[in-house]
Amino acid sequence: MNTSTDKVSSKYSIETTDYQVGQDNIQRWGFDIHKPVFGISALLILIFIIVMLVVDPQSAKTTLNNMRNGILEQFDSYFMWTMNMFFVFCVLLMVSPLGKIRIGGKDAKPEHSTISWSAMLFAAGLASGVMFFGVAEPAALYTDWYGTPFNAVGYSPEAKQLAIATSFFHWGITGWSVYGIAALALAFFAYNKNLPLSIRSLLFPIFGDRVWGWLGNVVDILAVVSTLFGLVASLGLGAQQAVSGINYVFGTHGELGMQFGIIAGVTSVAIFSVVRGIEGGVKLLSNINIVFVVGLLILVAALNIETVIHVLPQGVMDYVKNFVALSNPIGRTDTTFLHGWTIFYWAWWISFTPFVGIFIARVSKGRTVRQFIFSVLVIPTCVIICWFSVFGGIAVEQLANKVGQLGMNGLQDISLTLFYVYDAMPMSMLLSVVSIVLILVFFVTSSDSASLVIDSITAGGKLDAPVPQRIFWATIEGVIAAILLWVGGSQALEALQSGVVITALPFSFILVFTCVSLIKGLNSERHLYR
C-alpha cells in the first residue's frame, strides 16, 4: 500500500518529474516548435480569418457580444468573489513565511533594475489602455454615459467622487492581483523547478504528468489564441483611435490607408525589438515609454496643479472608503454599471493573464515572493492613481464647470475625449503630439511583449526560440489586424475583443487551481529558508 502511494506522490511531485523543456518540439524551417500547440493554434487562427471573410462582421459581433454578455451576467458574482479571493490570497502570501522564498533559488540575483523592471510591468500590463480610459472612464462614470456606481445621479457631487475612486478600483490593486498570481507561479515553476515557461506548468502540482499531454496542449492553445486575438483587437482598434487623433489634431483625413500605415510601422518596430530580445529591445522601449509617461504626467499636472492637488488625496480617500462596497456583489441594484464596467473589467484582466503573466515571469528572476507581490500590486496601482487623478480629474472638472469642448458638449466621440481635454489647456498641440507618440510606443511594447510570450508557449516553454520564429509571430499580429480592418473595420475587431473576454471563464478556473499549485510548490522550498 505504501509503495503505491509513493508512486502516486512521485508522479505528481515537481521534484521528480523527468520532463525536459522542449522535449516534444520539432525543428524545421528555422523554427523550434511544440507541434500540437503551434499547429493547432495556427489552424484556429486561419479558420477565424476565413470565417470573418465569409460571415458579416456585424453578425459575428452581435453573436459574440451576446455570448460575452450572457457569461458576464450569469457569472457576475462568481467573477467578483474570485477576484476578491485572488487579492486576499496575494496579501496573505506576501505576509506569510513563504514570502522569503526567492524566484530562481536562494542565491539568485535580479536581472533588471527596479526601474527597468517596473517600466516593463507597466508597459505590458497597462499599455495604451490608460491613454484612452484615463480620461474616458471617469468622464463616462460622472455623466452616466453607461451606468454609474450605486446608481449615483449623473453630474451629481456623489457621481463626481465615485467616478475617480471607481476608476482606481478597476485599474488598481485587485486587477493586478490576478497578474501577480499567474506571474509568480510561472516564474517559480520555470526558474526554481525547471518546468516550461508555459500556462500548462501552472497545473502540474495538481494533474501531474498529464499536463504534458492533451490537457496541457488545450490550455496552451487557449492561451496562444487569447493572447494573439487580444493583441490584434487592441492593435487594430488602437490604430483607428490613433488615426482619429491625428486627423483631429492635424486636420488630415486619413482613414484605412493611414491605419494600415500605423499597423505596419508598429509591427516593424516590434519585429526589430523582438529580434533584439529582452535587453536590447523590450527593455529599451519600456524605459523610453516610462520616460514619456512620467514627462507627460508631470507636464499636464503642472498645468492643472490646483485640480490635481484636490483630486488626488480626495480620490485616494474615496477609493479606500468604497473599496469593500465596490468589491461586494450582494444586494447590488446598479446592474447596468456592474455588468458593463466592473464584471467586464474583471473578465478582461483574467483573459489577458496568459500574456501579462508569462511576460512578467520572464523578467522577474531574482526577487523574493514578498518583493514580487508588493511591487506588482503596489507600483502600478500608484502610477494608476496618479494618472487617473490628473487626466480623469481634469476631464471631470471640465465637465462639471462647462469648460472647453468637452464641458460644453459632453461625451460625444469617446475616442477623442483626451484631445478634447487638451483643447482647453495651454500647449494643447504639444500635449496632443506627445500623446499620439506615446500611444504608438505603447502599441509597440505590447506587440513585442506579446510576440515573446506566444513564441515561448509555441516553443514548448523555451526562452531562446529562434529569431525567425519571433519574427513570424510579430508579423502575424500585424497582418491579422490589417486583414480584419480591411474586412470589417471596428465591427470585426470588436467581435474579436468579445471573443477574447469569453476566454476569461475557463482561465478563471485555471487561476483557482494555480493558487493551490503555487502553495504546493512554495512549500517544497520552505525548508531552505528556515
# chains A, B, ... in the order shown; residues from 1 in each chain; ligands from 1

call {"tool": "closest_atom_pairs", "arguments": {"of": "range 293-366 of chain A", "to": "range 425-437 of chain A", "cutoff": "12 Å", "atoms": "only C-alpha atoms", "output": "Markdown table"}}
result
| residue | atom | partner | partner_atom | distance |
| --- | --- | --- | --- | --- |
| A:Val293 | CA | A:Ser435 | CA | 8.9 |
| A:Val294 | CA | A:Val434 | CA | 11.8 |
| A:Gly295 | CA | A:Val434 | CA | 9.6 |
| A:Leu296 | CA | A:Val434 | CA | 7.5 |
| A:Leu297 | CA | A:Leu431 | CA | 10.2 |
| A:Ile298 | CA | A:Leu431 | CA | 11.5 |
| A:Leu299 | CA | A:Leu431 | CA | 8.6 |
| A:Val300 | CA | A:Leu431 | CA | 8.0 |
| A:Ala301 | CA | A:Met425 | CA | 11.2 |
| A:Ala302 | CA | A:Pro426 | CA | 10.9 |
| A:Leu303 | CA | A:Pro426 | CA | 7.5 |
| A:Asn304 | CA | A:Met425 | CA | 8.5 |

call {"tool": "write_last_selection", "arguments": {"atoms": "N, CA and C atoms", "output": "compact mmCIF listing (two decimals), in the first residue's frame"}}
result
# COMPACT_ATOMS: atom_id res chain seq x y z
N VAL A 293 5.82 58.67 -20.29
CA VAL A 293 4.68 58.65 -19.37
C VAL A 293 4.88 59.64 -18.23
N VAL A 294 6.05 59.56 -17.59
CA VAL A 294 6.32 60.44 -16.45
C VAL A 294 6.38 61.90 -16.90
N GLY A 295 7.04 62.15 -18.05
CA GLY A 295 7.15 63.51 -18.55
C GLY A 295 5.80 64.12 -18.86
N LEU A 296 4.94 63.36 -19.55
CA LEU A 296 3.60 63.87 -19.87
C LEU A 296 2.77 64.08 -18.61
N LEU A 297 2.87 63.13 -17.68
CA LEU A 297 2.11 63.23 -16.44
C LEU A 297 2.50 64.49 -15.65
N ILE A 298 3.80 64.73 -15.54
CA ILE A 298 4.28 65.90 -14.79
C ILE A 298 3.84 67.19 -15.47
N LEU A 299 3.96 67.25 -16.79
CA LEU A 299 3.61 68.46 -17.52
C LEU A 299 2.13 68.78 -17.39
N VAL A 300 1.26 67.78 -17.60
CA VAL A 300 -0.17 68.02 -17.50
C VAL A 300 -0.57 68.37 -16.07
N ALA A 301 0.05 67.70 -15.09
CA ALA A 301 -0.23 68.00 -13.68
C ALA A 301 0.18 69.43 -13.33
N ALA A 302 1.32 69.86 -13.83
CA ALA A 302 1.81 71.21 -13.55
C ALA A 302 0.88 72.27 -14.14
N LEU A 303 0.29 71.99 -15.29
CA LEU A 303 -0.61 72.95 -15.93
C LEU A 303 -1.97 73.01 -15.25
N ASN A 304 -2.26 72.00 -14.42
CA ASN A 304 -3.56 71.93 -13.73
C ASN A 304 -3.36 71.62 -12.26

call {"tool": "select_by_dssp", "arguments": {"residues": "range 44-203 of chain A", "states": "alpha helix (DSSP H)", "output": "PyMOL selection string"}}
result
chain A and resi 44-54+57-74+76-95+114-125+129-143+157-171+173-191

call {"tool": "residues_around", "arguments": {"residues": "Thr336 in chain A", "least_positions_apart": "5", "cutoff": "12 Å", "atoms": "only C-alpha atoms", "output": "JSON, numbers by chain"}}
result
{"A": [69, 72, 73, 76, 141, 144, 145, 146, 147, 148, 149, 150, 151, 341, 342, 343, 344]}

call {"tool": "write_last_selection", "arguments": {"atoms": "N, CA, C and O atoms", "output": "mmCIF file, in the first residue's frame"}}
result
data_model
loop_
_atom_site.group_PDB
_atom_site.id
_atom_site.type_symbol
_atom_site.label_atom_id
_atom_site.label_comp_id
_atom_site.auth_asym_id
_atom_site.auth_seq_id
_atom_site.Cartn_x
_atom_site.Cartn_y
_atom_site.Cartn_z
ATOM 1 N N ASN A 69 -21.985 38.853 -23.000
ATOM 2 C CA ASN A 69 -22.891 39.442 -22.017
ATOM 3 C C ASN A 69 -23.588 38.365 -21.193
ATOM 4 O O ASN A 69 -23.827 38.545 -19.996
ATOM 5 N N LEU A 72 -21.084 37.291 -18.577
ATOM 6 C CA LEU A 72 -20.887 38.329 -17.568
ATOM 7 C C LEU A 72 -22.080 38.426 -16.621
ATOM 8 O O LEU A 72 -21.915 38.676 -15.427
ATOM 9 N N GLU A 73 -23.291 38.203 -17.151
ATOM 10 C CA GLU A 73 -24.482 38.292 -16.318
ATOM 11 C C GLU A 73 -24.687 37.039 -15.457
ATOM 12 O O GLU A 73 -25.061 37.136 -14.293
ATOM 13 N N ASP A 76 -21.636 36.819 -12.749
ATOM 14 C CA ASP A 76 -21.197 38.085 -12.159
ATOM 15 C C ASP A 76 -20.678 37.914 -10.731
ATOM 16 O O ASP A 76 -19.571 38.363 -10.395
ATOM 17 N N LEU A 141 -18.322 57.738 -16.215
ATOM 18 C CA LEU A 141 -18.964 57.421 -14.944
ATOM 19 C C LEU A 141 -19.605 58.662 -14.323
ATOM 20 O O LEU A 141 -20.654 58.572 -13.675
ATOM 21 N N ASP A 144 -22.922 59.506 -16.387
ATOM 22 C CA ASP A 144 -23.871 58.405 -16.587
ATOM 23 C C ASP A 144 -23.944 58.042 -18.072
ATOM 24 O O ASP A 144 -25.027 57.834 -18.631
ATOM 25 N N TRP A 145 -22.800 57.915 -18.701
ATOM 26 C CA TRP A 145 -22.735 57.550 -20.117
ATOM 27 C C TRP A 145 -23.203 56.113 -20.329
ATOM 28 O O TRP A 145 -23.849 55.824 -21.314
ATOM 29 N N TYR A 146 -22.865 55.228 -19.371
ATOM 30 C CA TYR A 146 -23.365 53.850 -19.407
ATOM 31 C C TYR A 146 -23.396 53.308 -17.987
ATOM 32 O O TYR A 146 -22.629 52.446 -17.606
ATOM 33 N N GLY A 147 -24.271 53.855 -17.190
ATOM 34 C CA GLY A 147 -24.417 53.421 -15.806
ATOM 35 C C GLY A 147 -23.446 54.127 -14.867
ATOM 36 O O GLY A 147 -22.387 54.614 -15.280
ATOM 37 N N THR A 148 -23.821 54.189 -13.601
ATOM 38 C CA THR A 148 -22.955 54.772 -12.569
ATOM 39 C C THR A 148 -22.899 53.821 -11.379
ATOM 40 O O THR A 148 -23.833 53.055 -11.127
ATOM 41 N N PRO A 149 -21.791 53.855 -10.622
ATOM 42 C CA PRO A 149 -21.716 53.006 -9.424
ATOM 43 C C PRO A 149 -22.774 53.406 -8.407
ATOM 44 O O PRO A 149 -22.980 54.590 -8.133
ATOM 45 N N PHE A 150 -23.475 52.413 -7.871
ATOM 46 C CA PHE A 150 -24.510 52.589 -6.851
ATOM 47 C C PHE A 150 -25.640 53.497 -7.333
ATOM 48 O O PHE A 150 -26.304 54.161 -6.526
ATOM 49 N N ASN A 151 -25.813 53.570 -8.657
ATOM 50 C CA ASN A 151 -26.883 54.373 -9.273
ATOM 51 C C ASN A 151 -26.821 55.848 -8.892
ATOM 52 O O ASN A 151 -27.856 56.527 -8.766
ATOM 53 N N TRP A 341 -19.272 47.532 -16.607
ATOM 54 C CA TRP A 341 -17.950 48.038 -16.213
ATOM 55 C C TRP A 341 -17.180 47.007 -15.381
ATOM 56 O O TRP A 341 -16.224 46.409 -15.856
ATOM 57 N N THR A 342 -17.576 46.811 -14.126
ATOM 58 C CA THR A 342 -16.754 46.008 -13.204
ATOM 59 C C THR A 342 -16.579 44.567 -13.673
ATOM 60 O O THR A 342 -15.442 44.073 -13.768
ATOM 61 N N ILE A 343 -17.677 43.873 -13.974
ATOM 62 C CA ILE A 343 -17.556 42.468 -14.381
ATOM 63 C C ILE A 343 -16.799 42.361 -15.702
ATOM 64 O O ILE A 343 -15.977 41.456 -15.896
ATOM 65 N N PHE A 344 -17.075 43.289 -16.622
ATOM 66 C CA PHE A 344 -16.345 43.295 -17.890
ATOM 67 C C PHE A 344 -14.850 43.468 -17.645
ATOM 68 O O PHE A 344 -14.022 42.772 -18.243
#

call {"tool": "residues_around", "arguments": {"residues": "Gln259 in chain A", "least_positions_apart": "2", "cutoff": "7 Å", "atoms": "only C-alpha atoms", "output": "list in words"}}
result
Ala239, Gln240, Val243, Glu255, Leu256, Gly257, Gly261, Ile262 and Ile263 of chain A

call {"tool": "closest_atom_pairs", "arguments": {"of": "range 78-105 of chain A", "to": "range 368-391 of chain A", "cutoff": "6 Å", "atoms": "only C-alpha atoms", "output": "tab-separated table"}}
result
residue	atom	partner	partner_atom	distance
A:Met94	CA	A:Arg370	CA	4.7
A:Gly99	CA	A:Arg370	CA	4.4
A:Lys100	CA	A:Thr368	CA	5.8
A:Ile101	CA	A:Thr368	CA	5.4
A:Arg102	CA	A:Thr368	CA	3.9
A:Ile103	CA	A:Thr368	CA	5.9

call {"tool": "closest_atom_pairs", "arguments": {"of": "range 39-89 of chain A", "to": "range 309-328 of chain A", "cutoff": "12 Å", "atoms": "only C-alpha atoms", "output": "CSV"}}
result
residue,atom,partner,partner_atom,distance
A:Asp76,CA,A:Asn328,CA,10.8
A:Ser77,CA,A:Asn328,CA,8.6
A:Tyr78,CA,A:Asn328,CA,11.1
A:Phe79,CA,A:Ser327,CA,10.4
A:Met80,CA,A:Ser327,CA,6.6
A:Trp81,CA,A:Asn328,CA,7.9
A:Thr82,CA,A:Ser327,CA,10.5
A:Met83,CA,A:Ser327,CA,8.6
A:Asn84,CA,A:Ser327,CA,7.0
A:Met85,CA,A:Ser327,CA,10.6
A:Phe87,CA,A:Ser327,CA,10.7
A:Val88,CA,A:Ser327,CA,11.9

call {"tool": "write_last_selection", "arguments": {"atoms": "all heavy atoms", "output": "mmCIF file, in the first residue's frame"}}
result
data_model
loop_
_atom_site.group_PDB
_atom_site.id
_atom_site.type_symbol
_atom_site.label_atom_id
_atom_site.label_comp_id
_atom_site.auth_asym_id
_atom_site.auth_seq_id
_atom_site.Cartn_x
_atom_site.Cartn_y
_atom_site.Cartn_z
ATOM 1 N N ASP A 76 -21.636 36.819 -12.749
ATOM 2 C CA ASP A 76 -21.197 38.085 -12.159
ATOM 3 C C ASP A 76 -20.678 37.914 -10.731
ATOM 4 O O ASP A 76 -19.571 38.363 -10.395
ATOM 5 C CB ASP A 76 -22.289 39.149 -12.225
ATOM 6 C CG ASP A 76 -23.634 38.664 -11.672
ATOM 7 O OD1 ASP A 76 -23.723 37.509 -11.213
ATOM 8 O OD2 ASP A 76 -24.592 39.462 -11.703
ATOM 9 N N SER A 77 -21.442 37.236 -9.889
ATOM 10 C CA SER A 77 -20.998 37.024 -8.501
ATOM 11 C C SER A 77 -19.746 36.163 -8.454
ATOM 12 O O SER A 77 -18.827 36.411 -7.642
ATOM 13 C CB SER A 77 -22.106 36.369 -7.678
ATOM 14 O OG SER A 77 -23.204 37.232 -7.530
ATOM 15 N N TYR A 78 -19.691 35.162 -9.332
ATOM 16 C CA TYR A 78 -18.504 34.303 -9.383
ATOM 17 C C TYR A 78 -17.252 35.119 -9.692
ATOM 18 O O TYR A 78 -16.223 34.983 -9.022
ATOM 19 C CB TYR A 78 -18.693 33.211 -10.427
ATOM 20 C CG TYR A 78 -17.402 32.484 -10.788
ATOM 21 C CD1 TYR A 78 -16.864 31.532 -9.924
ATOM 22 C CD2 TYR A 78 -16.715 32.781 -11.961
ATOM 23 C CE1 TYR A 78 -15.675 30.879 -10.237
ATOM 24 C CE2 TYR A 78 -15.533 32.140 -12.285
ATOM 25 C CZ TYR A 78 -15.011 31.196 -11.425
ATOM 26 O OH TYR A 78 -13.826 30.570 -11.735
ATOM 27 N N PHE A 79 -17.321 35.974 -10.708
ATOM 28 C CA PHE A 79 -16.165 36.799 -11.056
ATOM 29 C C PHE A 79 -15.781 37.728 -9.901
ATOM 30 O O PHE A 79 -14.599 37.921 -9.609
ATOM 31 C CB PHE A 79 -16.457 37.622 -12.319
ATOM 32 C CG PHE A 79 -16.247 36.872 -13.608
ATOM 33 C CD1 PHE A 79 -17.289 36.660 -14.494
ATOM 34 C CD2 PHE A 79 -14.990 36.381 -13.948
ATOM 35 C CE1 PHE A 79 -17.097 35.962 -15.682
ATOM 36 C CE2 PHE A 79 -14.781 35.685 -15.131
ATOM 37 C CZ PHE A 79 -15.837 35.477 -15.999
ATOM 38 N N MET A 80 -16.771 38.323 -9.259
ATOM 39 C CA MET A 80 -16.490 39.259 -8.157
ATOM 40 C C MET A 80 -15.797 38.547 -6.999
ATOM 41 O O MET A 80 -14.755 39.001 -6.503
ATOM 42 C CB MET A 80 -17.792 39.896 -7.672
ATOM 43 C CG MET A 80 -18.436 40.847 -8.666
ATOM 44 S SD MET A 80 -17.588 42.440 -8.789
ATOM 45 C CE MET A 80 -18.221 43.279 -7.347
ATOM 46 N N TRP A 81 -16.345 37.416 -6.552
ATOM 47 C CA TRP A 81 -15.764 36.718 -5.412
ATOM 48 C C TRP A 81 -14.410 36.112 -5.758
ATOM 49 O O TRP A 81 -13.502 36.070 -4.919
ATOM 50 C CB TRP A 81 -16.712 35.632 -4.901
ATOM 51 C CG TRP A 81 -17.927 36.168 -4.208
ATOM 52 C CD1 TRP A 81 -19.231 35.937 -4.529
ATOM 53 C CD2 TRP A 81 -17.951 37.044 -3.074
ATOM 54 N NE1 TRP A 81 -20.064 36.601 -3.675
ATOM 55 C CE2 TRP A 81 -19.311 37.297 -2.761
ATOM 56 C CE3 TRP A 81 -16.961 37.653 -2.297
ATOM 57 C CZ2 TRP A 81 -19.706 38.122 -1.708
ATOM 58 C CZ3 TRP A 81 -17.350 38.476 -1.238
ATOM 59 C CH2 TRP A 81 -18.701 38.696 -0.959
ATOM 60 N N THR A 82 -14.265 35.659 -7.000
ATOM 61 C CA THR A 82 -12.980 35.096 -7.410
ATOM 62 C C THR A 82 -11.890 36.163 -7.395
ATOM 63 O O THR A 82 -10.776 35.921 -6.907
ATOM 64 C CB THR A 82 -13.089 34.476 -8.819
ATOM 65 O OG1 THR A 82 -14.107 33.479 -8.816
ATOM 66 C CG2 THR A 82 -11.776 33.826 -9.233
ATOM 67 N N MET A 83 -12.197 37.341 -7.916
ATOM 68 C CA MET A 83 -11.210 38.432 -7.900
ATOM 69 C C MET A 83 -10.877 38.849 -6.467
ATOM 70 O O MET A 83 -9.713 39.121 -6.149
ATOM 71 C CB MET A 83 -11.743 39.620 -8.693
ATOM 72 C CG MET A 83 -11.847 39.374 -10.193
ATOM 73 S SD MET A 83 -10.246 39.155 -11.008
ATOM 74 C CE MET A 83 -9.630 40.832 -10.988
ATOM 75 N N ASN A 84 -11.886 38.890 -5.600
ATOM 76 C CA ASN A 84 -11.623 39.211 -4.194
ATOM 77 C C ASN A 84 -10.703 38.169 -3.565
ATOM 78 O O ASN A 84 -9.793 38.502 -2.790
ATOM 79 C CB ASN A 84 -12.936 39.269 -3.413
ATOM 80 C CG ASN A 84 -13.823 40.427 -3.836
ATOM 81 O OD1 ASN A 84 -13.343 41.404 -4.419
ATOM 82 N ND2 ASN A 84 -15.118 40.318 -3.581
ATOM 83 N N MET A 85 -10.952 36.903 -3.893
ATOM 84 C CA MET A 85 -10.127 35.820 -3.347
ATOM 85 C C MET A 85 -8.678 35.957 -3.809
ATOM 86 O O MET A 85 -7.743 35.757 -3.031
ATOM 87 C CB MET A 85 -10.689 34.469 -3.784
ATOM 88 C CG MET A 85 -9.938 33.272 -3.214
ATOM 89 S SD MET A 85 -10.214 31.754 -4.158
ATOM 90 C CE MET A 85 -9.186 32.058 -5.603
ATOM 91 N N PHE A 87 -7.085 38.664 -4.577
ATOM 92 C CA PHE A 87 -6.464 39.774 -3.845
ATOM 93 C C PHE A 87 -6.072 39.349 -2.432
ATOM 94 O O PHE A 87 -4.940 39.590 -1.983
ATOM 95 C CB PHE A 87 -7.425 40.966 -3.803
ATOM 96 C CG PHE A 87 -6.988 42.061 -2.877
ATOM 97 C CD1 PHE A 87 -5.813 42.771 -3.107
ATOM 98 C CD2 PHE A 87 -7.741 42.379 -1.760
ATOM 99 C CE1 PHE A 87 -5.410 43.775 -2.240
ATOM 100 C CE2 PHE A 87 -7.354 43.380 -0.887
ATOM 101 C CZ PHE A 87 -6.180 44.086 -1.129
ATOM 102 N N VAL A 88 -7.001 38.702 -1.728
ATOM 103 C CA VAL A 88 -6.713 38.244 -0.361
ATOM 104 C C VAL A 88 -5.573 37.226 -0.373
ATOM 105 O O VAL A 88 -4.689 37.251 0.487
ATOM 106 C CB VAL A 88 -7.987 37.648 0.283
ATOM 107 C CG1 VAL A 88 -7.662 36.995 1.618
ATOM 108 C CG2 VAL A 88 -9.041 38.736 0.464
#

call {"tool": "residues_around", "arguments": {"residues": "range 128-139 of chain A", "least_positions_apart": "5", "cutoff": "9 Å", "atoms": "only C-alpha atoms", "output": "JSON list (two decimals) with C-alpha atoms, in the first residue's frame"}}
result
[["chain", "number", "residue", "atom", "x", "y", "z"],
["A", 123, "ALA", "CA", 4.17, 48.65, -20.46],
["A", 144, "ASP", "CA", -23.87, 58.41, -16.59],
["A", 145, "TRP", "CA", -22.73, 57.55, -20.12],
["A", 160, "LYS", "CA", -18.05, 63.09, -9.17],
["A", 162, "LEU", "CA", -17.23, 57.91, -7.28],
["A", 163, "ALA", "CA", -16.01, 58.46, -10.86],
["A", 164, "ILE", "CA", -12.36, 58.80, -9.82],
["A", 165, "ALA", "CA", -12.47, 56.24, -7.00],
["A", 166, "THR", "CA", -14.12, 53.63, -9.21],
["A", 167, "SER", "CA", -11.52, 54.14, -11.93],
["A", 171, "TRP", "CA", -7.34, 49.57, -12.78],
["A", 234, "SER", "CA", -6.04, 46.20, -29.30],
["A", 238, "GLY", "CA", -5.74, 51.42, -31.38],
["A", 241, "GLN", "CA", -8.07, 55.69, -32.42],
["A", 384, "ILE", "CA", -2.68, 54.47, -11.95],
["A", 387, "TRP", "CA", -2.56, 59.10, -13.86],
["A", 388, "PHE", "CA", -6.32, 58.96, -13.31],
["A", 389, "SER", "CA", -6.17, 61.75, -10.73],
["A", 390, "VAL", "CA", -4.51, 64.03, -13.27],
["A", 391, "PHE", "CA", -6.23, 63.12, -16.55],
["A", 392, "GLY", "CA", -9.55, 61.88, -15.17],
["A", 393, "GLY", "CA", -9.69, 64.67, -12.59],
["A", 394, "ILE", "CA", -9.21, 67.34, -15.26],
["A", 395, "ALA", "CA", -11.86, 65.77, -17.51],
["A", 396, "VAL", "CA", -14.41, 65.64, -14.69],
["A", 399, "LEU", "CA", -17.47, 68.63, -17.42],
["A", 410, "GLY", "CA", -20.31, 66.40, -23.02],
["A", 411, "LEU", "CA", -19.16, 62.98, -24.20],
["A", 414, "ILE", "CA", -15.34, 58.96, -26.68],
["A", 415, "SER", "CA", -12.14, 58.05, -28.57],
["A", 416, "LEU", "CA", -11.30, 61.79, -28.81],
["A", 417, "THR", "CA", -12.01, 62.66, -25.18],
["A", 418, "LEU", "CA", -8.31, 63.07, -24.39],
["A", 421, "VAL", "CA", -9.47, 67.84, -22.71],
["A", 435, "SER", "CA", 0.22, 61.65, -26.50],
["A", 438, "LEU", "CA", 3.11, 57.67, -26.53],
["A", 439, "ILE", "CA", 0.08, 55.71, -27.79],
["A", 440, "LEU", "CA", 2.17, 54.35, -30.67],
["A", 441, "VAL", "CA", 5.09, 53.43, -28.38],
["A", 442, "PHE", "CA", 2.62, 51.63, -26.09],
["A", 443, "PHE", "CA", 1.43, 49.59, -29.06],
["A", 446, "SER", "CA", 2.54, 45.48, -26.24]]

call {"tool": "atom_distance", "arguments": {"atom1": "CA of Tyr248 in chain A", "atom2": "CA of Gly404 in chain A"}}
result
15.4 Å

call {"tool": "closest_atom_pairs", "arguments": {"of": "range 214-304 of chain A", "to": "range 181-204 of chain A", "cutoff": "9 Å", "atoms": "only C-alpha atoms", "output": "tab-separated table"}}
result
residue	atom	partner	partner_atom	distance
A:Leu215	CA	A:Arg200	CA	8.0
A:Gly216	CA	A:Arg200	CA	4.8
A:Asn217	CA	A:Arg200	CA	7.5
A:Val218	CA	A:Arg200	CA	8.7
A:Val219	CA	A:Arg200	CA	6.1
A:Asp220	CA	A:Ile199	CA	5.8
A:Ala223	CA	A:Ile199	CA	7.2

call {"tool": "write_last_selection", "arguments": {"atoms": "N, CA and C atoms", "output": "short mmCIF file (atom, residue, chain, number, x, y, z; two decimals), in the first residue's frame"}}
result
data_model
loop_
_atom_site.label_atom_id
_atom_site.label_comp_id
_atom_site.auth_asym_id
_atom_site.auth_seq_id
_atom_site.Cartn_x
_atom_site.Cartn_y
_atom_site.Cartn_z
N LEU A 215 -4.19 17.60 -22.12
CA LEU A 215 -4.69 18.61 -21.20
C LEU A 215 -3.85 19.89 -21.29
N GLY A 216 -2.54 19.72 -21.23
CA GLY A 216 -1.64 20.88 -21.34
C GLY A 216 -1.71 21.53 -22.70
N ASN A 217 -1.87 20.70 -23.74
CA ASN A 217 -1.98 21.26 -25.10
C ASN A 217 -3.19 22.18 -25.22
N VAL A 218 -4.33 21.73 -24.68
CA VAL A 218 -5.56 22.54 -24.74
C VAL A 218 -5.36 23.86 -24.02
N VAL A 219 -4.77 23.80 -22.83
CA VAL A 219 -4.54 25.02 -22.03
C VAL A 219 -3.62 25.98 -22.77
N ASP A 220 -2.53 25.48 -23.33
CA ASP A 220 -1.58 26.36 -24.03
C ASP A 220 -2.15 26.92 -25.32
N ALA A 223 -4.32 29.73 -24.46
CA ALA A 223 -3.50 30.88 -24.08
C ALA A 223 -2.96 31.60 -25.31
#

call {"tool": "closest_atom_pairs", "arguments": {"of": "range 316-353 of chain A", "to": "range 498-516 of chain A", "cutoff": "10 Å", "atoms": "only C-alpha atoms", "output": "CSV"}}
result
residue,atom,partner,partner_atom,distance
A:Phe344,CA,A:Val501,CA,7.8
A:Tyr345,CA,A:Val501,CA,9.1
A:Trp346,CA,A:Ala504,CA,8.5
A:Ala347,CA,A:Ala504,CA,5.2
A:Trp348,CA,A:Val501,CA,5.5
A:Trp349,CA,A:Ala504,CA,8.1
A:Ile350,CA,A:Ala504,CA,5.3
A:Ser351,CA,A:Ala504,CA,4.4
A:Phe352,CA,A:Ala504,CA,8.2
A:Thr353,CA,A:Phe507,CA,8.1

call {"tool": "closest_residue", "arguments": {"among": "A:Ser113, A:Thr458, A:Thr227, A:Gln491", "to": "Val37 in chain A", "atoms": "only C-alpha atoms"}}
result
A:Thr458

call {"tool": "closest_residue", "arguments": {"among": "A:Val453, A:Leu121, A:Met408, A:Leu46", "to": "Ser364 in chain A", "atoms": "only C-alpha atoms"}}
result
A:Leu121

call {"tool": "atom_distance", "arguments": {"atom1": "CA of Val444 in chain A", "atom2": "CA of Leu406 in chain A"}}
result
29.5 Å

call {"tool": "atom_distance", "arguments": {"atom1": "CA of Arg367 in chain A", "atom2": "CA of Lys109 in chain A"}}
result
7.1 Å

call {"tool": "closest_residue", "arguments": {"among": "A:Ile221, A:Ile471, A:Val308, A:Leu485", "to": "Ile40 in chain A", "atoms": "only C-alpha atoms"}}
result
A:Ile221
